[in-house]
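Enquirer: I'd like to ask some things about the structure below.
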Amino acid sequence: MNYLRLSLVLGLASLTAACGQKAERSASSEMTDSMDNMAMAPAATTPILAKGHGTVTAIDKGAGTITLAHGPIPEVKWPAMTMAFKAAPTITDTAQVGDEVNFDLRIDGSAGEVTAISKK
Ligand SMILES: [Cu+2]
């Protein structure tokens, strides 16, 4: 039981670290407060599907990534920030830097992937 709780805490910590790479850590107090409500949260290994909106700030077709300045994503308690996500060629080929977009996210552990994107 103690091990399970520790695993959940570590999983959440790594998710926060990955998401906060280029952002301030202002979400840390929220994350601590949420620990007591983890019973209903999915395990760290279960992909979380979320939707977001933001602006495309960079595209790297070679690396298969798209960088988005995105708004808060309540599904994973992320604050607004700018970060890179994995993205398939269908996404990196059609999106343009400067586009304001709505997007679907698949968050699996510490990795995030944009699975769909549409211009606002
Ligand atoms: Cu983020």
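How things are named: the first chain in the structure tokens is A, the next is B, and so on; residues count from 1 in each chain; ligands count from 1 in the order shown.
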Quick one: residues within 8 Å of ligand 1, with only C-alpha atoms and all ligand atoms, as a list in words?
Expert: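 Residues lying within 8 Å of ligand 1: Cys19, Gly20, His70, Pro72, Ile73, Trp78, Pro79, Ala80, Met81, Thr82, Met83 and Ala84 of chain A.
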Enquirer: Extract, using only C-alpha atoms, all DNA, RNA and protein residues at most 10 Å from Thr90 in chain A, discarding same-chain residues fewer than 2 positions from it, and format them as a list of chain:residue names.
Expert: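 Here the answer would be A:Ala87, A:Ala88, A:Thr92, A:Asp93, A:Thr94, A:Ala95, A:Thr115, A:Ala116, A:Ile117.
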Enquirer: Please identify all polymer residues within 8 Å of range 100-102 of chain A, counting only C-alpha atoms, omitting same-chain residues fewer than 4 positions from it, and present them as a ChimeraX atom specification.
Expert: /A:51-56,117-120
Enquirer: Okay, now the selection with N, CA, C and O atoms, as a PDB file, in the first residue's frame?
Expert:
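Writing done, so here's result39.pdb:
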ATOM      1  N   LYS A  51      -7.842  18.024 -24.055  1.00  0.00           N
ATOM      2  CA  LYS A  51      -7.937  18.987 -25.139  1.00  0.00           C
ATOM      3  C   LYS A  51      -7.328  20.299 -24.681  1.00  0.00           C
ATOM      4  O   LYS A  51      -7.335  20.611 -23.496  1.00  0.00           O
ATOM      5  N   GLY A  52      -6.779  21.055 -25.616  1.00  0.00           N
ATOM      6  CA  GLY A  52      -6.193  22.332 -25.262  1.00  0.00           C
ATOM      7  C   GLY A  52      -6.306  23.311 -26.407  1.00  0.00           C
ATOM      8  O   GLY A  52      -6.768  22.973 -27.494  1.00  0.00           O
ATOM      9  N   HIS A  53      -5.890  24.533 -26.123  1.00  0.00           N
ATOM     10  CA  HIS A  53      -5.839  25.532 -27.185  1.00  0.00           C
ATOM     11  C   HIS A  53      -4.591  26.363 -26.986  1.00  0.00           C
ATOM     12  O   HIS A  53      -4.044  26.435 -25.879  1.00  0.00           O
ATOM     13  N   GLY A  54      -4.092  26.941 -28.061  1.00  0.00           N
ATOM     14  CA  GLY A  54      -2.867  27.721 -27.951  1.00  0.00           C
ATOM     15  C   GLY A  54      -2.382  28.201 -29.294  1.00  0.00           C
ATOM     16  O   GLY A  54      -3.121  28.207 -30.276  1.00  0.00           O
ATOM     17  N   THR A  55      -1.096  28.593 -29.323  1.00  0.00           N
ATOM     18  CA  THR A  55      -0.471  29.110 -30.531  1.00  0.00           C
ATOM     19  C   THR A  55       0.755  28.261 -30.856  1.00  0.00           C
ATOM     20  O   THR A  55       1.529  27.921 -29.970  1.00  0.00           O
ATOM     21  N   VAL A  56       0.912  27.929 -32.142  1.00  0.00           N
ATOM     22  CA  VAL A  56       2.091  27.183 -32.589  1.00  0.00           C
ATOM     23  C   VAL A  56       3.285  28.130 -32.585  1.00  0.00           C
ATOM     24  O   VAL A  56       3.250  29.180 -33.241  1.00  0.00           O
ATOM     25  N   ILE A 117      -5.122  18.368 -34.482  1.00  0.00           N
ATOM     26  CA  ILE A 117      -4.968  19.819 -34.341  1.00  0.00           C
ATOM     27  C   ILE A 117      -5.869  20.482 -35.370  1.00  0.00           C
ATOM     28  O   ILE A 117      -6.061  19.956 -36.468  1.00  0.00           O
ATOM     29  N   SER A 118      -6.467  21.595 -35.012  1.00  0.00           N
ATOM     30  CA  SER A 118      -7.263  22.336 -35.994  1.00  0.00           C
ATOM     31  C   SER A 118      -7.108  23.820 -35.747  1.00  0.00           C
ATOM     32  O   SER A 118      -7.025  24.278 -34.603  1.00  0.00           O
ATOM     33  N   LYS A 119      -7.032  24.553 -36.831  1.00  0.00           N
ATOM     34  CA  LYS A 119      -6.848  26.000 -36.748  1.00  0.00           C
ATOM     35  C   LYS A 119      -8.144  26.627 -36.237  1.00  0.00           C
ATOM     36  O   LYS A 119      -9.221  26.235 -36.639  1.00  0.00           O
ATOM     37  N   LYS A 120      -7.988  27.607 -35.327  1.00  0.00           N
ATOM     38  CA  LYS A 120      -9.168  28.304 -34.797  1.00  0.00           C
ATOM     39  C   LYS A 120      -9.792  29.193 -35.867  1.00  0.00           C
ATOM     40  O   LYS A 120      -9.064  29.821 -36.626  1.00  0.00           O
TER      41      LYS A 120
END
Enquirer: Between CA of Gly112 in chain A and CA of Gly71 in chain A, what is the spacing in Å?
Expert: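 According to the coordinates, CA of Gly71 in chain A and CA of Gly112 in chain A are separated by 14.9 Å.
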Enquirer: Neighbouring residues of Thr57 in chain A were defined as those with any atom within 6 Å, considering only C-alpha atoms; residues of the same chain fewer than 2 positions away were excluded. Please report them as a list in words.
Expert: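 Counting only C-alpha atoms, the residues come to Thr67, Leu68 and Val97 of chain A.
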Enquirer: Go ahead and compute the interatomic distance for CA of Thr45 in chain A and CA of Ala69 in chain A, in Å to one decimal.
Expert: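 If I compute the distance from CA of Thr45 in chain A to CA of Ala69 in chain A, I get 25.4 Å.
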Enquirer: Let me make sure I understand: among A:Glu75, A:Lys86, A:Gln96, A:Thr46, which one has the smallest atom-to-atom distance to Ala58 in chain A if we use only C-alpha atoms?
Expert: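 Of the candidates, the smallest distance to Ala58 in chain A is held by A:Gln96.
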Enquirer: Using Å and a single decimal, report how far CA of Ile91 in chain A sits from CA of Pro47 in chain A.
Expert: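 Separation of CA of Pro47 in chain A and CA of Ile91 in chain A: 19.9 Å.
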Enquirer: Excluding Val114 in chain A and any residue of its chain fewer than 3 positions from it, enumerate the residues within 7 Å of it, using only C-alpha atoms, and give them as a list in words.
Expert: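 So the residues in contact are Phe85, Lys86, Ala87, Phe103, Asp104, Leu105 and Arg106 of chain A.
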Enquirer: From a backbone DSSP assignment, name each residue in range 34-102 of chain A labelled alpha helix (DSSP H), as a count of residues only.
Expert: 7
